[in-house]
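final16.cif, holding mmCIF, C-alpha atoms:
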```
data_query
#
loop_
_atom_site.label_atom_id
_atom_site.label_comp_id
_atom_site.auth_asym_id
_atom_site.auth_seq_id
_atom_site.Cartn_x
_atom_site.Cartn_y
_atom_site.Cartn_z
CA MET A 1 -18.87 -4.94 17.17
CA GLU A 2 -16.96 -2.08 15.54
CA LEU A 3 -17.75 0.09 12.54
CA ARG A 4 -14.38 -0.92 11.16
CA GLN A 5 -15.46 -4.55 11.07
CA MET A 6 -18.68 -3.58 9.31
CA ARG A 7 -16.67 -1.69 6.68
CA TYR A 8 -14.46 -4.73 6.21
CA PHE A 9 -17.51 -6.97 5.77
CA VAL A 10 -19.08 -4.59 3.25
CA GLY A 11 -15.83 -4.58 1.28
CA VAL A 12 -15.73 -8.38 1.10
CA ALA A 13 -19.45 -8.60 0.33
CA GLU A 14 -19.12 -6.15 -2.55
CA GLU A 15 -15.97 -7.69 -4.03
CA LEU A 16 -16.96 -11.31 -3.23
CA HIS A 17 -13.24 -11.99 -2.93
CA PHE A 18 -10.96 -11.59 0.11
CA GLY A 19 -7.87 -10.68 -1.92
CA LYS A 20 -9.62 -7.97 -3.95
CA ALA A 21 -11.34 -6.61 -0.85
CA ALA A 22 -8.05 -6.54 1.06
CA GLU A 23 -6.42 -4.56 -1.75
CA ARG A 24 -9.33 -2.11 -1.81
CA LEU A 25 -9.24 -1.70 1.99
CA TYR A 26 -5.42 -1.48 2.20
CA ILE A 27 -5.21 -4.37 4.65
CA SER A 28 -3.55 -7.77 4.41
CA THR A 29 -5.74 -10.69 3.34
CA PRO A 30 -5.02 -12.75 6.50
CA THR A 31 -5.91 -9.80 8.74
CA LEU A 32 -9.13 -9.21 6.81
CA SER A 33 -10.09 -12.88 7.06
CA GLN A 34 -9.40 -12.84 10.79
CA GLN A 35 -11.58 -9.76 11.29
CA ILE A 36 -14.48 -11.35 9.39
CA LYS A 37 -14.22 -14.56 11.43
CA GLN A 38 -14.25 -12.50 14.62
CA LEU A 39 -17.33 -10.67 13.37
CA GLU A 40 -19.09 -13.95 12.59
CA ARG A 41 -18.30 -15.25 16.07
CA GLU A 42 -19.82 -12.14 17.60
CA VAL A 43 -22.91 -12.32 15.39
CA GLY A 44 -23.23 -16.02 16.11
CA THR A 45 -23.62 -17.33 12.58
CA THR A 46 -21.84 -17.69 9.25
CA LEU A 47 -22.14 -14.63 7.03
CA LEU A 48 -19.96 -15.75 4.13
CA ILE A 49 -19.43 -19.06 2.38
CA ARG A 50 -15.82 -19.36 1.27
CA HIS A 51 -14.89 -20.97 -2.04
CA SER A 52 -11.54 -21.45 -3.76
CA ARG A 53 -12.36 -18.63 -6.19
CA GLY A 54 -14.18 -16.26 -3.88
CA VAL A 55 -17.08 -16.02 -1.44
CA GLU A 56 -20.85 -15.79 -1.46
CA LEU A 57 -23.25 -14.35 1.07
CA THR A 58 -25.43 -16.54 3.25
CA PRO A 59 -29.05 -15.41 3.82
CA ALA A 60 -27.90 -14.00 7.16
CA GLY A 61 -25.00 -12.30 5.37
CA ARG A 62 -27.35 -10.54 2.98
CA VAL A 63 -29.38 -9.18 5.89
CA PHE A 64 -26.24 -8.10 7.73
CA LEU A 65 -24.90 -6.37 4.58
CA ALA A 66 -28.02 -4.22 4.27
CA ARG A 67 -27.99 -3.28 7.95
CA ALA A 68 -24.22 -2.69 7.98
CA ARG A 69 -24.54 -0.21 5.10
CA GLU A 70 -27.31 1.61 6.95
CA THR A 71 -25.28 1.71 10.16
CA ILE A 72 -22.13 3.03 8.45
CA GLN A 73 -24.12 5.72 6.68
CA ALA A 74 -25.96 6.68 9.89
CA ALA A 75 -22.69 6.89 11.85
CA GLY A 76 -21.20 9.18 9.24
CA LEU A 77 -24.23 11.46 9.23
CA ALA A 78 -24.33 11.56 13.03
CA LEU A 79 -20.71 12.65 13.18
CA LYS A 80 -21.07 15.21 10.41
CA ASP A 81 -24.27 16.74 11.81
CA THR A 82 -22.90 16.90 15.35
CA ARG A 83 -19.70 18.61 14.28
CA ARG A 84 -21.62 21.02 12.09
CA ALA A 85 -23.89 21.93 15.03
CA ALA A 86 -20.82 22.58 17.15
CA GLY A 87 -19.28 24.78 14.46
CA LEU A 88 -16.37 22.41 13.95
CA ASP A 89 -14.56 21.74 10.70
CA GLU A 90 -14.33 18.19 9.46
CA PRO A 91 -11.05 16.63 10.71
CA VAL A 92 -9.60 15.34 7.46
CA LEU A 93 -6.11 14.04 6.72
CA ARG A 94 -5.21 14.03 3.02
CA LEU A 95 -2.81 11.13 2.67
CA GLY A 96 -0.66 10.60 -0.39
CA LEU A 97 -0.86 6.99 -1.59
CA LEU A 98 2.41 5.94 -3.18
CA ASN A 99 2.11 3.68 -6.22
CA GLY A 100 3.20 0.10 -5.46
CA ILE A 101 3.54 0.57 -1.69
CA PRO A 102 2.75 -2.35 0.67
CA GLY A 103 -0.98 -2.20 1.42
CA TRP A 104 -0.52 -2.48 5.19
CA LEU A 105 1.36 0.83 5.36
CA PRO A 106 -1.42 3.32 4.43
CA ALA A 107 -3.83 1.15 6.45
CA ALA A 108 -1.56 1.52 9.50
CA LEU A 109 -1.39 5.29 9.02
CA GLU A 110 -5.17 5.50 8.74
CA GLN A 111 -5.51 3.49 11.95
CA LEU A 112 -2.99 5.75 13.68
CA ALA A 113 -4.95 8.83 12.57
CA THR A 114 -8.14 7.36 14.03
CA GLU A 115 -6.43 6.44 17.30
CA ARG A 116 -4.71 9.82 17.76
CA PHE A 117 -7.66 11.90 16.49
CA PRO A 118 -10.94 10.00 16.90
CA ASN A 119 -13.61 10.52 14.23
CA SER A 120 -11.11 11.87 11.73
CA THR A 121 -11.37 11.00 8.06
CA VAL A 122 -8.49 9.97 5.80
CA THR A 123 -8.69 10.67 2.07
CA LEU A 124 -6.23 9.29 -0.46
CA GLU A 125 -4.39 10.94 -3.35
CA ALA A 126 -2.35 8.50 -5.44
CA GLY A 127 0.92 9.34 -7.15
CA THR A 128 4.63 8.71 -7.52
CA THR A 129 7.35 9.95 -5.16
CA THR A 130 7.76 13.04 -7.33
CA ASP A 131 3.99 13.58 -7.30
CA GLN A 132 3.89 13.26 -3.50
CA LEU A 133 6.55 15.93 -3.03
CA ARG A 134 4.85 18.26 -5.52
CA MET A 135 1.41 17.82 -3.93
CA LEU A 136 2.79 18.36 -0.45
CA THR A 137 4.64 21.52 -1.50
CA ALA A 138 1.46 22.82 -3.16
CA GLY A 139 -0.65 22.08 -0.08
CA GLU A 140 -2.74 19.44 -1.87
CA ILE A 141 -1.97 16.70 0.70
CA ASP A 142 -1.06 16.75 4.37
CA LEU A 143 1.08 13.62 4.61
CA GLY A 144 2.97 12.01 1.75
CA LEU A 145 4.54 8.58 1.27
CA VAL A 146 7.77 8.37 -0.72
CA ARG A 147 10.66 6.11 -1.60
CA THR A 148 14.06 7.23 -0.43
CA PRO A 149 16.69 8.49 -0.93
CA LEU A 150 14.99 11.81 -1.58
CA THR A 151 16.31 15.36 -1.14
CA LEU A 152 13.72 17.49 0.66
CA PRO A 153 13.36 21.28 0.86
CA PRO A 154 13.89 22.84 4.31
CA ALA A 155 10.15 23.25 5.04
CA ILE A 156 9.47 19.52 4.72
CA THR A 157 10.50 16.83 7.20
CA SER A 158 10.44 13.05 6.94
CA GLU A 159 10.38 9.88 9.02
CA HIS A 160 11.42 6.42 7.89
CA LEU A 161 8.52 3.95 8.05
CA ALA A 162 9.35 0.63 6.41
CA ALA A 163 11.63 -1.33 4.14
CA GLU A 164 11.28 -4.35 1.90
CA GLU A 165 13.60 -6.39 -0.22
CA LEU A 166 13.46 -5.99 -3.98
CA GLY A 167 14.42 -8.83 -6.25
CA VAL A 168 14.28 -9.73 -9.92
CA LEU A 169 10.93 -10.22 -11.63
CA LEU A 170 10.92 -12.39 -14.74
CA THR A 171 8.49 -14.62 -16.56
CA ALA A 172 8.06 -18.19 -15.37
CA THR A 173 9.37 -19.37 -18.76
CA HIS A 174 12.54 -17.27 -18.62
CA PRO A 175 15.77 -19.37 -18.66
CA LEU A 176 16.78 -17.93 -15.28
CA ALA A 177 13.45 -18.69 -13.62
CA ALA A 178 14.60 -22.20 -12.62
CA ARG A 179 17.27 -20.79 -10.31
CA PRO A 180 16.29 -20.12 -6.67
CA GLU A 181 18.40 -16.94 -6.59
CA LEU A 182 20.37 -14.87 -9.08
CA THR A 183 23.72 -13.15 -9.12
CA LEU A 184 24.59 -9.81 -10.69
CA ASP A 185 26.59 -11.73 -13.29
CA ASP A 186 23.39 -13.60 -14.27
CA LEU A 187 21.81 -10.25 -15.13
CA THR A 188 24.61 -9.03 -17.40
CA GLY A 189 23.30 -8.02 -20.81
CA LEU A 190 19.63 -8.47 -19.89
CA GLU A 191 17.05 -5.78 -20.66
CA LEU A 192 15.72 -4.15 -17.49
CA ILE A 193 12.24 -2.64 -17.69
CA TRP A 194 12.02 -0.19 -14.81
CA ILE A 195 9.97 2.74 -13.55
CA PRO A 196 10.43 6.13 -15.24
CA ARG A 197 13.31 8.07 -13.70
CA ALA A 198 11.02 11.09 -13.30
CA ALA A 199 8.84 9.10 -10.88
CA ALA A 200 11.61 8.96 -8.23
CA PRO A 201 14.97 10.14 -9.62
CA GLU A 202 17.19 9.47 -6.61
CA PHE A 203 15.61 6.11 -5.82
CA HIS A 204 15.77 5.14 -9.50
CA ASP A 205 19.48 5.98 -9.76
CA ASP A 206 20.31 4.33 -6.43
CA MET A 207 18.78 1.00 -7.50
CA LEU A 208 20.55 1.06 -10.86
CA SER A 209 23.90 1.82 -9.23
CA ARG A 210 23.49 -1.22 -6.99
CA LEU A 211 22.83 -3.46 -9.99
CA GLY A 212 26.04 -2.35 -11.67
CA PRO A 213 26.76 -1.57 -15.34
CA GLY A 214 26.00 -5.05 -16.68
CA VAL A 215 22.23 -4.61 -16.82
CA GLN A 216 20.89 -2.81 -19.89
CA LEU A 217 18.19 -0.27 -19.04
CA SER A 218 15.27 -0.62 -21.48
CA GLU A 219 13.86 2.27 -23.46
CA ILE A 220 10.52 1.07 -22.07
CA SER A 221 9.51 2.38 -18.66
CA MET A 222 6.38 1.43 -16.75
CA SER A 223 4.60 2.21 -13.50
CA HIS A 224 4.78 -0.38 -10.74
CA SER A 225 1.33 -1.71 -11.61
CA GLN A 226 2.32 -2.25 -15.27
CA LEU A 227 5.70 -3.94 -14.86
CA ARG A 228 4.33 -7.48 -14.78
CA SER A 229 2.29 -6.91 -17.94
CA ALA A 230 5.35 -5.52 -19.73
CA LEU A 231 7.36 -8.63 -18.87
CA LEU A 232 4.71 -10.86 -20.41
CA VAL A 233 5.22 -8.96 -23.67
CA ARG A 234 9.03 -8.68 -23.52
CA ARG A 235 9.63 -12.19 -22.17
CA SER A 236 13.42 -12.00 -22.33
CA ALA A 237 13.47 -8.87 -20.16
CA ILE A 238 13.58 -8.56 -16.37
CA SER A 239 12.34 -6.03 -13.87
CA LEU A 240 12.71 -5.19 -10.18
CA GLY A 241 10.01 -5.58 -7.59
CA SER A 242 8.99 -7.01 -4.25
CA ARG A 243 7.91 -10.54 -3.56
CA ARG A 244 4.35 -9.20 -3.50
CA ALA A 245 4.49 -8.69 -7.27
CA ALA A 246 4.94 -12.39 -8.07
CA THR A 247 2.18 -14.28 -9.89
CA PRO A 248 2.00 -17.72 -11.50
CA ASP A 249 3.20 -16.11 -14.76
CA VAL A 250 5.85 -13.81 -13.27
CA VAL A 251 8.24 -15.13 -10.61
CA TRP A 252 10.41 -13.32 -8.06
CA ARG A 253 14.03 -14.21 -7.39
CA PRO A 254 16.36 -12.63 -4.78
CA ILE A 255 19.80 -11.36 -5.70
CA GLU A 256 22.46 -13.46 -4.01
CA GLY A 257 24.59 -11.59 -1.49
CA ARG A 258 23.40 -8.20 -2.73
CA PRO A 259 19.86 -7.54 -1.49
CA LEU A 260 18.19 -4.43 -2.87
CA ILE A 261 16.24 -2.65 -0.16
CA ALA A 262 13.42 -0.23 -0.97
CA ARG A 263 12.81 2.21 1.88
CA TYR A 264 9.58 4.09 2.48
CA ALA A 265 9.18 7.32 4.41
CA ALA A 266 6.44 9.73 5.40
CA ILE A 267 6.90 13.42 4.57
CA TRP A 268 5.00 16.45 5.81
CA ARG A 269 5.29 20.21 6.04
CA THR A 270 6.70 21.51 9.32
CA ASP A 271 4.36 24.52 9.15
CA SER A 272 1.18 22.44 8.73
CA ASN A 273 -1.65 23.24 11.13
CA ASN A 274 -3.71 20.16 10.27
CA PRO A 275 -4.92 18.87 13.65
CA VAL A 276 -4.92 15.20 12.58
CA LEU A 277 -1.34 15.44 11.30
CA GLN A 278 -0.25 17.23 14.46
CA ALA A 279 -1.80 14.50 16.60
CA MET A 280 -0.01 11.83 14.57
CA THR A 281 3.44 13.42 14.63
CA VAL A 282 3.67 14.46 18.31
CA SER A 283 5.85 12.23 20.49
CA PRO A 284 6.28 9.34 19.88
CA GLY A 285 5.30 10.41 16.37
CA LEU A 286 4.94 7.80 13.69
CA THR A 287 7.08 5.22 15.51
CA ILE A 288 4.03 2.98 15.92
CA VAL A 289 4.15 2.56 12.15
CA SER A 290 7.93 2.49 11.92
CA GLN A 291 8.02 -0.58 14.13
CA GLN A 292 6.21 -2.55 11.43
CA VAL A 293 9.28 -2.78 9.23
CA VAL A 294 9.11 -5.83 6.99
CA VAL A 295 11.85 -7.14 4.76
CA ASP A 296 10.65 -10.00 2.56
#
```

Please rewrite the model in this file as structure tokens.
Amino acid sequence: MELRQMRYFVGVAEELHFGKAAERLYISTPTLSQQIKQLEREVGTTLLIRHSRGVELTPAGRVFLARARETIQAAGLALKDTRRAAGLDEPVLRLGLLNGIPGWLPAALEQLATERFPNSTVTLEAGTTTDQLRMLTAGEIDLGLVRTPLTLPPAITSEHLAAEELGVLLTATHPLAARPELTLDDLTGLELIWIPRAAAPEFHDDMLSRLGPGVQLSEISMSHSQLRSALLVRRSAISLGSRRAATPDVVWRPIEGRPLIARYAAIWRTDSNNPVLQAMTVSPGLTIVSQQVVVD
């Protein structure tokens, strides 16, 4: 039994919902479910009762939750006290969490940090691509996640990590929602609600150039987490997003013959002396994460 599995169980037990817990833990829902089933097999009994709308704890699950919390806390204190006694600094990697990024990506980086530098801790600082670059330049994070293209100063390097297909987001009642895929001509004259240009200028302009001049950029701009809500207000408008953003009220449609690909990269300072970052970026570097490229 691993501490990681205990943390996963605590997350599900506190959220009482696999999807919400997976989002909180930055792991996919199927992977989280698999880990909990493996934990239950090892314990030898059912810890959670699954329902269509969530989960509830069994009596054994309630006991395990209390003991898991105690174990996680004790493990943390043991590590902290031991390192303090040895005069060692806490090995911490400050990771920039890009808004709207696939949840598996920061989870994979956290796992890589743990594998390359055991007992390290990863903290998260959320922000846009522009925020990530600013925080990295200011020394507020050690490793940033960004959307490319992005022009970097000489002291900062990058490595491509993943890519996913963007398509059109529109309400389920939109006239174009009945079509399985859309063309650029279908989008002519439609209002496009998109992220603020300041959030990622080069990525923003690159996506718009690929759509062509027919789409009308809205005066409204929203963060990735707000785009779906904006569409439910401006029902004739469209937006761009990944398949992950689809809901029963907002559907996702690919663009025929002209896929839009969002690319994600890690950035870090070449002069950083963070031991966790150095362990992650030595050969073969971040390629373990780069291999997990997914295009929806």

For the contact check between range 186-233 of chain A and range 158-182 of chain A, emit one row per residue of range 186-233 of chain A within 9 Å, containing the shortest atom pair and the distance in Å rounded to one decimal, counting all atoms listed in the file, chain then rising number order, as CSV.
```
residue,atom,partner,partner_atom,distance
A:Asp186,CA,A:Leu182,CA,6.1
A:Leu187,CA,A:Leu182,CA,7.7
A:Leu227,CA,A:Leu169,CA,8.8
A:Arg228,CA,A:Leu169,CA,7.8
A:Leu231,CA,A:Thr171,CA,6.5
A:Leu232,CA,A:Thr171,CA,6.6
```

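Among the candidates A:Arg67, A:Arg147, A:His51, A:Lys20, the one nearest to Asp131 in chain A when counting all atoms listed in the file is A:Arg147.
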
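Between CA of Trp104 in chain A and CA of Arg243 in chain A the interatomic distance comes to 14.6 Å.
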
If you count only C-alpha atoms, which residues fall within 12 Å of Gly100 in chain A, apart from same-chain ones fewer than 2 positions away, as a PyMOL selection string?
chain A and resi 23+26+97-98+102-106+126-129+145-147+164+195+199+222-227+240-245+262+264

Hits from the PyMOL selection byres ((chain A and resi 19) around 10), listed as a PyMOL selection string:
chain A and resi 12+15-18+20-25+27-30+32-33+54

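From CA of Val276 in chain A back to CA of Glu115 in chain A, the distance works out to 10.1 Å.
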
Applying the PyMOL selection byres ((chain A and resi 71) around 12) to the file I just gave you, which residues come out? Please list them as a PDB file with C-alpha atoms, keeping the file's coordinate frame.
```pdb
ATOM      1  CA  MET A   1     -18.870  -4.940  17.170  1.00  0.00           C
ATOM      2  CA  GLU A   2     -16.960  -2.080  15.540  1.00  0.00           C
ATOM      3  CA  LEU A   3     -17.750   0.090  12.540  1.00  0.00           C
ATOM      4  CA  ARG A   4     -14.380  -0.920  11.160  1.00  0.00           C
ATOM      5  CA  GLN A   5     -15.460  -4.550  11.070  1.00  0.00           C
ATOM      6  CA  MET A   6     -18.680  -3.580   9.310  1.00  0.00           C
ATOM      7  CA  ARG A   7     -16.670  -1.690   6.680  1.00  0.00           C
ATOM      8  CA  VAL A  10     -19.080  -4.590   3.250  1.00  0.00           C
ATOM      9  CA  PHE A  64     -26.240  -8.100   7.730  1.00  0.00           C
ATOM     10  CA  LEU A  65     -24.900  -6.370   4.580  1.00  0.00           C
ATOM     11  CA  ALA A  66     -28.020  -4.220   4.270  1.00  0.00           C
ATOM     12  CA  ARG A  67     -27.990  -3.280   7.950  1.00  0.00           C
ATOM     13  CA  ALA A  68     -24.220  -2.690   7.980  1.00  0.00           C
ATOM     14  CA  ARG A  69     -24.540  -0.210   5.100  1.00  0.00           C
ATOM     15  CA  GLU A  70     -27.310   1.610   6.950  1.00  0.00           C
ATOM     16  CA  ILE A  72     -22.130   3.030   8.450  1.00  0.00           C
ATOM     17  CA  GLN A  73     -24.120   5.720   6.680  1.00  0.00           C
ATOM     18  CA  ALA A  74     -25.960   6.680   9.890  1.00  0.00           C
ATOM     19  CA  ALA A  75     -22.690   6.890  11.850  1.00  0.00           C
ATOM     20  CA  GLY A  76     -21.200   9.180   9.240  1.00  0.00           C
ATOM     21  CA  LEU A  77     -24.230  11.460   9.230  1.00  0.00           C
ATOM     22  CA  ALA A  78     -24.330  11.560  13.030  1.00  0.00           C
TER      23      ALA A  78
END
```

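Going from CA of Ala107 in chain A to CA of Leu277 in chain A covers 15.3 Å.
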
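Minimum distance to Trp268 in chain A across A:Pro118, A:Gly61, A:Gly11, A:Pro154 (counting only C-alpha atoms) occurs at A:Pro154.
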
Name the residues in contact with Glu140 in chain A at a cut-off of 12 Å, using only C-alpha atoms, excluding same-chain residues fewer than 4 positions from it; report them as a ChimeraX atom specification.
/A:93-96,123-127,131-136,144,268-269,272

Exercise: Ala279 in chain A partners within 12 Å, only C-alpha atoms, chain neighbours under 5 positions left out, as a PyMOL selection string:
chain A and resi 91+93+109+112-118+120+272-274+284-286

Expected selection from the PyMOL selection byres ((chain A and resi 36) around 9), given as a PyMOL selection string
chain A and resi 5-6+8-9+12+31-35+37-41+47-48

Between A:Ala246, A:Met207, A:Leu184, A:Val63, which residue has the minimum interatomic distance to Pro149 in chain A, considering all atoms listed in the file?
A:Met207
